[in-house]
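Below is one structure, written out as structure tokens; comments come after it.
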2 protein chains.
Amino acid sequence: MSTTYMKYMGLFDELVNYGRFELGGKGYGLVQMTAIGLPVPPGIIILTSACKEYYRSGGKIPEGLFEELREKLKVLENRTGKKFGDPSNPLLVSVRSGAPYSMPGMMDTILNLGLNDAVAEGLVKLTGDERFVYDAYRRFIQMFARIAMGVKTDRFEKLLEETRHRLGVKFDIEIPASEMKKIVEKFKQIVREEKGMELPQDPFEQLKMAVEAVFRSWNNPRAVEYRRYYKIPDDLGTAVNIQMMVFGNLGEKSGSGVGFTRNPSTGEKKLYGEYLPKAQGEDVVAGIRTPFPIDKLEQKLLSQLEDMAKKLEQHFKDMQDFEFTVENDKLYMLQTRNGKRTAQAAVKIAVDMYKEGLISAAEALLRVDPNELNQLLHRRLDPSYKGKPIAKGLNASPGAASGIVVFDTNEAAQRGAKGEKIILVRPETTPEDIKGMIAAQGVLTSRGGMTSHAAVVARGMGKPAVVGCESIRINMDEGYFTTSEGLVVRKGDVITIDGGSGQVFFGEVPTTEPELTTELYELLRLADQHRRLGVRANADTPEAAEKARAFGAEGIGLCRTERMFNAPDRLPIVREMIMAQTPEERKAALAKLLPFQVNDFKQIFAVMKGLPVTVRLLDLPLHEFLPPAEEILKEMFELASSHGPQHEILMRQELLRKVLVLKEHNPMLGHRGCRLAIRYPEIYEMQVRAILKAAIDVRRQHGETAKIQIMLPLVSEKTELVILRKIIEETAEKVFEEIGERIDFKVGTMIETPRAALTASEIAEVADFFSFGTNDLTQTTFGFSRDDAEAKFMADYLEKKILPRNPFESVDVRGVGRLVKIATEEGKKANPRLEVGICGEHGGDPDSVKFFHAAGLDYVSASPYRVPIARLAAAQVAVGPVEKVAVTV
Amino acid sequence: MSTTYMKYMGLFDELVNYGRFELGGKGYGLVQMTAIGLPVPPGIIILTSACKEYYRSGGKIPEGLFEELREKLKVLENRTGKKFGDPSNPLLVSVRSGAPYSMPGMMDTILNLGLNDAVAEGLVKLTGDERFVYDAYRRFIQMFARIAMGVKTDRFEKLLEETRHRLGVKFDIEIPASEMKKIVEKFKQIVREEKGMELPQDPFEQLKMAVEAVFRSWNNPRAVEYRRYYKIPDDLGTAVNIQMMVFGNLGEKSGSGVGFTRNPSTGEKKLYGEYLPKAQGEDVVAGIRTPFPIDKLEQKLLSQLEDMAKKLEQHFKDMQDFEFTVENDKLYMLQTRNGKRTAQAAVKIAVDMYKEGLISAAEALLRVDPNELNQLLHRRLDPSYKGKPIAKGLNASPGAASGIVVFDTNEAAQRGAKGEKIILVRPETTPEDIKGMIAAQGVLTSRGGMTSHAAVVARGMGKPAVVGCESIRINMDEGYFTTSEGLVVRKGDVITIDGGSGQVFFGEVPTTEPELTTELYELLRLADQHRRLGVRANADTPEAAEKARAFGAEGIGLCRTERMFNAPDRLPIVREMIMAQTPEERKAALAKLLPFQVNDFKQIFAVMKGLPVTVRLLDLPLHEFLPPAEEILKEMFELASSHGPQHEILMRQELLRKVLVLKEHNPMLGHRGCRLAIRYPEIYEMQVRAILKAAIDVRRQHGETAKIQIMLPLVSEKTELVILRKIIEETAEKVFEEIGERIDFKVGTMIETPRAALTASEIAEVADFFSFGTNDLTQTTFGFSRDDAEAKFMADYLEKKILPRNPFESVDVRGVGRLVKIATEEGKKANPRLEVGICGEHGGDPDSVKFFHAAGLDYVSASPYRVPIARLAAAQVAVGPVEKVAVTV
């Protein structure tokens, strides 16, 4: 071992106490492998501190750096028994950059450094393989000239191409030794012409230039851009790895391979990888010959590798992706890092390693990216399919589905009933299209954003949807759509949509079933043991409720009632109610809706018995239940043209009048939610009646029912809640008296306007619970209409980094999050029994879930398919270090 | 004087150290007048504490109360030399309630208490006037029976009516003595029948019952309702005033009158009032005979009154409204209170009293309600006009105007140019209507709210407007509108609109010029010396800027640029810009707009030289500059029907396509303001260029120009400002280089989304100033679309007291105000040089101005016509006790 005072560098075995920030990622792996006794070709790492010093001094090599390097090199020579520039026993090295974070755009590798004319000749004698030597030499020149000397690579490439062409061969490897030797001479000539200087023949001169090239590469434009984009600090610097070359292409007993300590696709605990004899690492990747599976290796080597894999996992506590080379039967490890893996493998590996005692429960939970679970919970495109999509829209509801294109909702319903697989294609959907959506495998629309009718309903149904696919032009009348490339897709053609990516394909693309592995269930059970945050589901059908329970939801945090009003058998009655001229007429219509509502709730309450179900009373503005003005006008025009019955025209005139009266400039901020109930309390009275009747019925039938929570939408002032709570309680008393039986229920409110959050301390005095509606709260806090923002400018904002993420996907911590914190803290202070949850789409976003944990909420509610994601995210924030989610209030 | 220990009551002269809460309002006036030596008939006040005790004990007369009353009555008898129930020299008293706050619905007065059969006979002997006595007796019975005994009044009224009918007379006063005596007997009979008991003949018994009736009246339903509505505490209680009767109807040397110490209409410092000989106070009001002006009184009495008026003002330091009675040449004061007055009088009285040294500057400033100034600043309806309006809409822009009805904007422009006075009547206005609005005296629309195009533009122009007048139905094609009562108003008919009240009248109603009195100027100068808050104006034309300066604005806090784009000579170019297919086409169109913009700004900067002018860059969404889809469709249809030129149809097709592309679900939350500039920076570049060129031009021409502040709308994230500030600064450098001259300018931002307020500490780092756009901030904080809210549910919310005031008129302190405080405090902390103002409509609302003072803002900006109001309000909050405007942050 060297006893020299270490300033800027060390041999691998001298650096075992250094971390990733000093050694870079690659160097860290090499040092650690050396430390645990794996066969790593020896080498030197110049620490990142040298690079930092280089930049601090304005681009000057730190004083003494090369002197220290020369000293270390001597140690390396002693260690390897080879000498730099010694033709009889030359030391060749690779030089690589190594930043703390993997950073594409940094310096490439320079292999075979140390070669010069004399060493080449010596090596020919040593190996007896002239072609190997001159191929290595020309590769070195090409890499070195480009990277260390700034020679453009095209003249080299052109020369190689001309030679291949002249010889009539396809690959460089087919170029014979004699030609390769000539190429080396010509390459040196190119360097001379381009730079006016010789290729350095002194190996140490080569090394110095290579080291400075690595330093410079830290600040090349691509690297700077990359760091800016990923917010990686500019002052980390890069290390330089200088390592003795070993050669996998030195004859039959040599070769190179890559391996994974476990199967990266399935997670199976079995060494996995490929080996190519007579090859360098880069040849394995190039794919000229086919490598064979690692388990077909001869037993001795395989045992050695298995042994090393075990050591790697014991040491790194994770599945490793490693590279190795065999030189004349001797195995060398060249690189190791945590292996990339599929979601399925990630889950299995985490659970297995936990069970093996290799990692703790917390580590197992933190090992899986919650977002990736999404892949496991929906039918998805066969990953091996390589076809090109014909269009791309917004990925509104995950999952893949194939079916024939149908444009008419009635036709979709009819053909769906016959068992045909349908993709419903519409410019956008309306309540009228529900029956078509129910019958369809998936939905494709050309307009609308992530909260459009199609998107919301499809997500609620758990059906794939691609919306706002603006590049297609739909001709409804003639029954076809065209893509931007001019492809005409007609009614009856089969297409496949992938709601996870927003892609649309022509024809049927194979899809795979969601794989709910045993390991995923185990992981989520582990999560449940560790999380503080409750997880409920947003569900408004019995089917969704069952799915939610199956996925581990501890209740329903949001049961919307809009769809119940929109169902085809009720819409005519709802319209009757809206068109009512007197409260009596309105009440009569509502009385007809009551039995439907009772039935809706009974089914859900039976599924969820024992668990809380939060029913949100009607939120939509009334005009959403009426047909659009254009449609009525068109019908009127047709009736008039065909001399249709006068009363039919009059009826439509009246309908049109109502539509125009109800029309709003900004419906999102209009007369809806509790505001509507202040004017027309009858609607909520009917709903409360239905909820309580249903709950009592279910209790009679099953002995138990769900825990009833009645929720008011769009409150912005305490008095709204006071007035409506009184109406709800009076209605409840009437129902209890009629039935002769009571049932407990709670009354709470959505917090979805900034004012509700800002006055939470007042509202909490009259609320049993809060539930943040972060979709609307984000809209109002930013002043963004989600549909308009996503259609018009959100992409621009994300691309320009004005916003780090779409705030409708991941909660905006500084703005919306601050309101959430204010309301939670002040609400709970005013009413210590207040239960606080969130039921916006953010309830299924892992980063948001972590924020809600930190903000002190009691639970999140997510769509059933995201419940597992929320469970895992909630556990991660409970066991891991809380990320920076705190905001000042 | 009595030496009895005083518990629940005292004589007037014993109560001089008691205040309004113990004495009630009426009693306080009597006690104070007694104290300063005015001739007040002596009397007793039972303090409010007795009433409180009555309620505390569940409705029992406090122990010892009547004993104390009997004692005090003896003192009163001694003082007056008359005796209760003594036919030879009877004491008669009035009994009145007297709450601390004037409260309609409380007990009425009982006059002449102490009368009974014997006293009546005695009085006939004393006065020799039998009719007088029995009229007084029957009035007493009627009042006492109703108030103290709960007898319904209709049998009394019916009997009087029958008697008048039988005698063929019109008024009770014409009923002769003999009949009146019979009526007294019949009244007693009614009491007997209704209550099964005699009318009490014992005067003290009468008094006890009257006192308890006053106590009970505190909790009668109307009084309770009134207190609930005005948030007056329920536990204040009422006092009882028992006062010796004096009679203004005792012959020729008696009479009654009311007076004001100064003219309540003009403020002139001269006794003002009316006197009616041979009459009680109530007869003056009844209007049977015409009273004569007080200055026509005989000199001795007039001098006496003038002397008393002076004493009253010296004592109360305010103009007094008093009642008096003369009984046989002797003057008695019966009541005094601060007099109601017109706005004009309020201003003059405050200034005069300040100059007389009667009140301090602070008192003078607090004496005038800033809202009332509004009446003085616009042409208004002749106050004497009593006609009935034909319709009522929203009072969108104050002032009154008459003119002929014109529906077509071009016709309005043409006829206006000829000097005709026009009222432009439209369903709603669009940018196309600007030329008609410029030509018109006022605007009437049947649709739209307080921020509709018509309302905003009219307020900006200072023109009267009534909008959203939904009761009229406009038939544009045939050129008439109908009112809800079926009146048909045709094109060319004259109507008058009152934008201050929202009323519409048929025909020409006389109007009066705004009276900008010397006193108002003096008052406002006084205000300027005392206020801390700056006052600027919202103005976007040179005319508005001149008006603003004339009204004392210290700069322009908001110069909108939308109207400049909307002007008829520019709209085609703006549309060219919107329809541009490439940035080059867009820039070419913008280049054409540049000279217009330069000219706009030059005029304004010249008017405002030396003062800051804050120009807000374009805020509107682009679709607002395009015609509505329906209109284009109609034109296309017409062209198609008439086989019009194909290229015209194609042009409209392209326009329609663009309109549909730009269409938004919620335009208020859509692609506008700085969001548009992020995508199309060319628009702001042109505007910045125009602003700076104009400023440099004006400086060259006049030696001085306005201080330039460039403001960005709708920022919700710091990065938006960073990006746009850079564009502005780069553009400025280019302009300076081209011109060869520099000019200072500031860059700031509107704070009009909750997120901007919540992240103010970040935004302040890159802003020179903030200006709260409280209109939009209110919309987003509540989640209210103003147009929709005011059209659909605001009236309901105010009526149901869900909100105390329309938050678009007076700032919502708890929600919006909390955001204003957060942003001001955190913004100034992050950037101590940050200037903070507000330019929403709240800048002209006195309560809001007071809040903004308390919240630490630097200035408010209001429409020119509200600048005087803001100046006064700002002074009031600076000199007066800060009202409860603090909120926790």
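If you're wondering about the labels, chains in the structure tokens are A, B, ... by order shown, residues count from 1 in each chain, ligands from 1 in order shown.
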
* To do: Tell me, as an NGL selection string, which residues lie within 7 Å of Gly448 of chain B, counting only C-alpha atoms; anything in the same chain fewer than 6 positions away does not count.
  => :B and (428 or 467-468 or 787)

Go ahead and dump the residues you just picked, N, CA, C and O atoms, as a short mmCIF file (atom, residue, chain, number, x, y, z; two decimals), in the first residue's frame.
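Full text of result-v2.cif as output:
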data_model
loop_
_atom_site.label_atom_id
_atom_site.label_comp_id
_atom_site.auth_asym_id
_atom_site.auth_seq_id
_atom_site.Cartn_x
_atom_site.Cartn_y
_atom_site.Cartn_z
N GLU B 428 -76.67 43.01 -24.72
CA GLU B 428 -75.40 43.24 -24.01
C GLU B 428 -74.47 43.90 -25.02
O GLU B 428 -74.75 43.90 -26.20
N VAL B 467 -77.37 47.93 -16.25
CA VAL B 467 -77.17 46.68 -16.99
C VAL B 467 -77.99 45.56 -16.36
O VAL B 467 -78.55 45.72 -15.27
N GLY B 468 -78.04 44.43 -17.07
CA GLY B 468 -78.75 43.26 -16.55
C GLY B 468 -80.19 43.58 -16.18
O GLY B 468 -80.74 43.05 -15.23
N ASP B 787 -70.12 37.49 -12.73
CA ASP B 787 -71.29 37.62 -13.60
C ASP B 787 -72.35 36.60 -13.25
O ASP B 787 -73.53 36.91 -13.15
#

* Expected answer as a PyMOL selection string: strand (DSSP E) residues in segment 279-528 of chain B -> chain B and resi 292-293+320-327+330-338+380-381+391-392+394-397+400-406+422-426+442-445+465-467+473-475+480-482+488-490+494-498+503-506+511-512

* Give the residues of chain B that lie within 8 Å of chain A; count only C-alpha atoms, and format the answer as a PyMOL selection string. => chain B and resi 664-671+675+679+716-717+719-720+753-756+758-759+779-785+787-789+792-793+796+802-803+814-816+818

Hey, can you spit out that residue selection with N, CA and C atoms as a compact mmCIF listing (two decimals), in the first residue's frame?
# COMPACT_ATOMS: atom_id res chain seq x y z
N GLU B 664 -63.34 28.73 -24.61
CA GLU B 664 -62.95 28.12 -23.33
C GLU B 664 -64.18 27.81 -22.48
N HIS B 665 -64.01 26.83 -21.61
CA HIS B 665 -65.09 26.46 -20.71
C HIS B 665 -65.29 27.53 -19.65
N ASN B 666 -64.19 28.01 -19.11
CA ASN B 666 -64.24 29.00 -18.04
C ASN B 666 -63.24 30.11 -18.37
N PRO B 667 -63.63 31.02 -19.26
CA PRO B 667 -62.66 32.00 -19.76
C PRO B 667 -62.01 32.81 -18.65
N MET B 668 -62.75 33.02 -17.57
CA MET B 668 -62.19 33.78 -16.45
C MET B 668 -60.92 33.11 -15.90
N LEU B 669 -60.86 31.78 -16.01
CA LEU B 669 -59.71 31.04 -15.50
C LEU B 669 -58.85 30.50 -16.64
N GLY B 670 -58.94 31.15 -17.80
CA GLY B 670 -58.37 30.55 -18.99
C GLY B 670 -57.05 31.12 -19.44
N HIS B 671 -56.89 31.11 -20.76
CA HIS B 671 -55.62 31.49 -21.36
C HIS B 671 -55.60 32.99 -21.61
N ARG B 675 -50.36 34.57 -19.01
CA ARG B 675 -50.29 33.22 -19.60
C ARG B 675 -50.23 33.30 -21.12
N ARG B 679 -46.89 32.53 -24.15
CA ARG B 679 -46.97 31.90 -25.46
C ARG B 679 -46.65 32.89 -26.59
N SER B 716 -49.45 33.87 -11.22
CA SER B 716 -49.72 32.99 -10.08
C SER B 716 -48.45 32.28 -9.63
N GLU B 717 -47.35 32.57 -10.28
CA GLU B 717 -46.10 31.88 -9.97
C GLU B 717 -44.94 32.82 -10.33
N THR B 719 -42.03 32.38 -11.48
CA THR B 719 -41.32 32.16 -12.74
C THR B 719 -41.97 32.88 -13.91
N GLU B 720 -43.31 33.00 -13.88
CA GLU B 720 -43.98 33.76 -14.93
C GLU B 720 -43.41 35.17 -14.99
N THR B 753 -54.64 36.19 -7.91
CA THR B 753 -55.00 34.80 -7.67
C THR B 753 -54.55 34.46 -6.26
N PRO B 754 -55.25 33.57 -5.58
CA PRO B 754 -54.83 33.20 -4.23
C PRO B 754 -53.38 32.72 -4.20
N ARG B 755 -52.97 32.03 -5.26
CA ARG B 755 -51.61 31.51 -5.24
C ARG B 755 -50.58 32.63 -5.28
N ALA B 756 -50.86 33.68 -6.01
CA ALA B 756 -49.94 34.81 -6.03
C ALA B 756 -49.80 35.38 -4.62
N LEU B 758 -50.36 33.77 -1.79
CA LEU B 758 -49.74 32.79 -0.89
C LEU B 758 -48.24 32.65 -1.14
N THR B 759 -47.80 32.96 -2.35
CA THR B 759 -46.37 32.86 -2.65
C THR B 759 -45.77 34.25 -2.86
N GLN B 779 -63.21 36.60 -6.93
CA GLN B 779 -63.80 35.50 -7.71
C GLN B 779 -63.10 34.18 -7.40
N THR B 780 -61.78 34.20 -7.38
CA THR B 780 -61.06 32.95 -7.19
C THR B 780 -61.08 32.49 -5.74
N THR B 781 -61.07 33.43 -4.80
CA THR B 781 -61.05 33.03 -3.39
C THR B 781 -62.37 32.38 -2.99
N PHE B 782 -63.47 32.95 -3.46
CA PHE B 782 -64.78 32.35 -3.17
C PHE B 782 -65.10 31.21 -4.13
N GLY B 783 -64.45 31.21 -5.30
CA GLY B 783 -64.94 30.33 -6.35
C GLY B 783 -66.25 30.83 -6.91
N PHE B 784 -66.37 32.17 -6.98
CA PHE B 784 -67.56 32.81 -7.56
C PHE B 784 -67.19 33.42 -8.90
N SER B 785 -67.93 33.12 -9.93
CA SER B 785 -67.86 33.92 -11.15
C SER B 785 -68.78 35.10 -10.91
N ASP B 787 -70.12 37.49 -12.73
CA ASP B 787 -71.29 37.62 -13.60
C ASP B 787 -72.35 36.60 -13.25
N ASP B 788 -71.90 35.35 -13.07
CA ASP B 788 -72.86 34.29 -12.80
C ASP B 788 -73.44 34.44 -11.40
N ALA B 789 -72.60 34.80 -10.44
CA ALA B 789 -73.07 34.92 -9.05
C ALA B 789 -74.11 36.03 -8.95
N LYS B 792 -77.27 34.95 -10.69
CA LYS B 792 -77.97 33.75 -10.24
C LYS B 792 -78.25 33.70 -8.74
N PHE B 793 -77.29 34.05 -7.90
CA PHE B 793 -77.56 33.75 -6.49
C PHE B 793 -77.11 34.79 -5.48
N ASP B 796 -79.93 36.27 -3.35
CA ASP B 796 -80.35 35.26 -2.39
C ASP B 796 -79.41 35.21 -1.18
N ILE B 802 -76.27 35.15 4.26
CA ILE B 802 -75.13 34.22 4.19
C ILE B 802 -73.86 35.05 4.09
N LEU B 803 -73.95 36.15 3.35
CA LEU B 803 -72.85 37.10 3.30
C LEU B 803 -73.38 38.45 3.78
N ARG B 814 -62.38 38.49 5.92
CA ARG B 814 -61.90 37.22 6.49
C ARG B 814 -61.22 36.31 5.48
N GLY B 815 -61.70 36.34 4.23
CA GLY B 815 -61.10 35.47 3.23
C GLY B 815 -60.12 36.23 2.34
N VAL B 816 -60.68 37.05 1.47
CA VAL B 816 -59.85 37.82 0.53
C VAL B 816 -58.89 38.73 1.31
N ARG B 818 -57.65 38.34 4.23
CA ARG B 818 -56.54 37.59 4.83
C ARG B 818 -55.43 37.37 3.81

* For Leu487 of chain B: contacts at 10 Å, only C-alpha atoms, fewer than 5 positions along chain excluded, given as number ranges by chain -> B: 390, 472, 481-482, 506

* **Contacts of segment 215-231 of chain A at 12 Å (only C-alpha atoms; same-chain gap of 5+ positions) as a VMD selection string** => chain A and resid 46 to 56 58 to 62 95 to 109 147 to 150 208 to 210 236 to 241 798 to 801 804

* **Test item: residues at most 10 Å from Thr342 of chain A, only C-alpha atoms, excluding those fewer than 4 positions along its chain, as a count of residues only** => 12

* Would you mind reading off the distance between atom CA of Ile728 of chain A and atom CA of Asp619 of chain A, one decimal, in Å? =>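 We find that atom CA of Ile728 of chain A and atom CA of Asp619 of chain A lie 15.8 Å from each other.
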
* To do: Skip Asn112 of chain B itself and residues of its chain fewer than 6 positions away, then list as a list in words all residues within 7 Å of it, counting only C-alpha atoms.
  =>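 The filter keeps Leu92, Val93, Ser94, Ala136, Phe140 and Met245 of chain B.
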
* Non-local contacts of segment 858-872 of chain B (8 Å; only C-alpha atoms; under 3 positions in same chain excluded) as a PyMOL selection string -> chain B and resi 365+370-371+373-374+377-378+459-460+462+524+527-528+531-539+544-545+547-548+551-553+556-558+835-846+849+852-853+875-876

Dump of N, CA and C atoms for the selected residues, as a short mmCIF file (atom, residue, chain, number, x, y, z; two decimals), in the first residue's frame:
data_model
loop_
_atom_site.label_atom_id
_atom_site.label_comp_id
_atom_site.auth_asym_id
_atom_site.auth_seq_id
_atom_site.Cartn_x
_atom_site.Cartn_y
_atom_site.Cartn_z
N LEU B 365 -63.90 65.30 9.50
CA LEU B 365 -63.69 64.25 8.51
C LEU B 365 -64.60 63.05 8.75
N PRO B 370 -68.47 58.74 3.39
CA PRO B 370 -67.82 58.82 2.07
C PRO B 370 -68.72 58.34 0.94
N ASN B 371 -69.53 57.31 1.20
CA ASN B 371 -70.40 56.80 0.14
C ASN B 371 -71.33 57.86 -0.39
N LEU B 373 -70.77 60.90 -0.93
CA LEU B 373 -70.14 61.83 -1.87
C LEU B 373 -70.51 61.48 -3.30
N ASN B 374 -70.73 60.18 -3.51
CA ASN B 374 -71.11 59.70 -4.82
C ASN B 374 -72.24 60.53 -5.42
N LEU B 377 -71.12 63.73 -7.14
CA LEU B 377 -70.12 63.68 -8.20
C LEU B 377 -70.69 63.26 -9.55
N HIS B 378 -71.96 63.05 -9.61
CA HIS B 378 -72.58 62.71 -10.88
C HIS B 378 -73.86 63.51 -11.05
N ARG B 459 -68.29 52.52 -16.74
CA ARG B 459 -67.64 53.07 -15.55
C ARG B 459 -66.33 53.76 -15.94
N GLY B 460 -65.60 53.10 -16.84
CA GLY B 460 -64.34 53.68 -17.31
C GLY B 460 -64.57 55.03 -17.97
N GLY B 462 -67.05 56.92 -17.30
CA GLY B 462 -67.81 57.79 -16.40
C GLY B 462 -69.20 58.06 -16.93
N LEU B 524 -61.91 67.72 1.32
CA LEU B 524 -60.96 66.76 0.75
C LEU B 524 -59.51 67.22 0.97
N ALA B 527 -58.78 66.15 4.26
CA ALA B 527 -58.55 64.70 4.24
C ALA B 527 -57.12 64.40 3.81
N ASP B 528 -56.66 65.10 2.78
CA ASP B 528 -55.31 64.84 2.27
C ASP B 528 -54.25 65.10 3.34
N ARG B 531 -54.54 61.74 5.78
CA ARG B 531 -54.46 60.32 5.40
C ARG B 531 -53.03 59.86 5.19
N ARG B 532 -52.79 58.56 5.43
CA ARG B 532 -51.50 57.95 5.17
C ARG B 532 -51.51 57.27 3.80
N LEU B 533 -52.67 56.71 3.45
CA LEU B 533 -52.83 55.92 2.24
C LEU B 533 -52.82 56.85 1.02
N GLY B 534 -52.05 56.49 -0.02
CA GLY B 534 -52.12 57.22 -1.27
C GLY B 534 -53.41 56.89 -2.02
N VAL B 535 -53.83 57.81 -2.88
CA VAL B 535 -55.04 57.55 -3.67
C VAL B 535 -54.73 57.82 -5.14
N ARG B 536 -54.87 56.79 -5.95
CA ARG B 536 -54.68 56.93 -7.39
C ARG B 536 -55.98 56.57 -8.09
N ALA B 537 -55.95 56.70 -9.42
CA ALA B 537 -57.19 56.45 -10.16
C ALA B 537 -56.98 55.37 -11.20
N ASN B 538 -58.06 54.67 -11.52
CA ASN B 538 -58.08 53.76 -12.65
C ASN B 538 -58.55 54.55 -13.86
N ALA B 539 -57.70 54.70 -14.86
CA ALA B 539 -58.06 55.53 -16.01
C ALA B 539 -57.31 55.02 -17.22
N ALA B 544 -60.27 60.51 -18.93
CA ALA B 544 -60.39 59.95 -17.58
C ALA B 544 -59.20 60.40 -16.72
N ALA B 545 -58.03 60.49 -17.35
CA ALA B 545 -56.85 60.92 -16.60
C ALA B 545 -57.02 62.36 -16.11
N LYS B 547 -59.87 63.90 -15.56
CA LYS B 547 -60.89 63.85 -14.50
C LYS B 547 -60.24 63.39 -13.20
N ALA B 548 -59.39 62.38 -13.31
CA ALA B 548 -58.73 61.82 -12.13
C ALA B 548 -57.88 62.89 -11.45
N PHE B 551 -59.94 65.39 -9.67
CA PHE B 551 -60.52 64.86 -8.43
C PHE B 551 -59.44 64.50 -7.40
N GLY B 552 -58.19 64.84 -7.71
CA GLY B 552 -57.15 64.73 -6.69
C GLY B 552 -56.37 63.44 -6.69
N ALA B 553 -56.47 62.66 -7.77
CA ALA B 553 -55.69 61.41 -7.82
C ALA B 553 -54.21 61.73 -7.88
N ILE B 556 -52.00 57.27 -11.72
CA ILE B 556 -52.92 56.26 -12.26
C ILE B 556 -52.45 54.91 -11.75
N GLY B 557 -53.31 54.27 -10.99
CA GLY B 557 -52.96 52.97 -10.41
C GLY B 557 -53.28 51.83 -11.34
N LEU B 558 -54.12 52.09 -12.34
CA LEU B 558 -54.46 51.05 -13.30
C LEU B 558 -54.87 51.71 -14.61
N GLU B 835 -43.61 48.37 -3.35
CA GLU B 835 -44.76 49.26 -3.21
C GLU B 835 -46.02 48.41 -3.40
N VAL B 836 -47.01 48.59 -2.51
CA VAL B 836 -48.19 47.73 -2.57
C VAL B 836 -49.46 48.58 -2.65
N GLY B 837 -50.24 48.32 -3.69
CA GLY B 837 -51.50 49.04 -3.86
C GLY B 837 -52.62 48.09 -4.21
N ILE B 838 -53.78 48.68 -4.50
CA ILE B 838 -54.91 47.86 -4.89
C ILE B 838 -55.66 48.62 -5.97
N CYS B 839 -56.05 47.90 -7.04
CA CYS B 839 -56.72 48.59 -8.14
C CYS B 839 -58.03 47.92 -8.52
N GLY B 840 -58.55 47.05 -7.66
CA GLY B 840 -59.88 46.50 -7.92
C GLY B 840 -60.93 47.53 -7.59
N GLU B 841 -62.18 47.21 -7.86
CA GLU B 841 -63.23 48.20 -7.60
C GLU B 841 -63.33 48.55 -6.12
N HIS B 842 -62.79 47.65 -5.26
CA HIS B 842 -62.84 47.93 -3.83
C HIS B 842 -62.08 49.19 -3.46
N GLY B 843 -61.19 49.66 -4.33
CA GLY B 843 -60.42 50.87 -4.06
C GLY B 843 -61.31 52.09 -3.87
N GLY B 844 -62.57 52.00 -4.30
CA GLY B 844 -63.49 53.13 -4.13
C GLY B 844 -64.56 52.87 -3.10
N ASP B 845 -64.42 51.79 -2.34
CA ASP B 845 -65.40 51.48 -1.30
C ASP B 845 -64.83 51.86 0.07
N PRO B 846 -65.49 52.74 0.79
CA PRO B 846 -64.91 53.25 2.04
C PRO B 846 -64.50 52.17 3.04
N VAL B 849 -61.41 50.59 1.81
CA VAL B 849 -60.26 51.49 1.92
C VAL B 849 -59.72 51.44 3.35
N PHE B 852 -57.75 48.35 3.80
CA PHE B 852 -56.45 48.39 3.12
C PHE B 852 -55.44 49.24 3.91
N HIS B 853 -55.94 50.29 4.55
CA HIS B 853 -55.08 51.08 5.43
C HIS B 853 -54.54 50.18 6.54
N ALA B 875 -58.70 59.18 5.00
CA ALA B 875 -58.48 60.12 6.10
C ALA B 875 -59.22 59.65 7.35
N GLN B 876 -60.45 59.15 7.17
CA GLN B 876 -61.24 58.71 8.32
C GLN B 876 -60.52 57.61 9.09
#
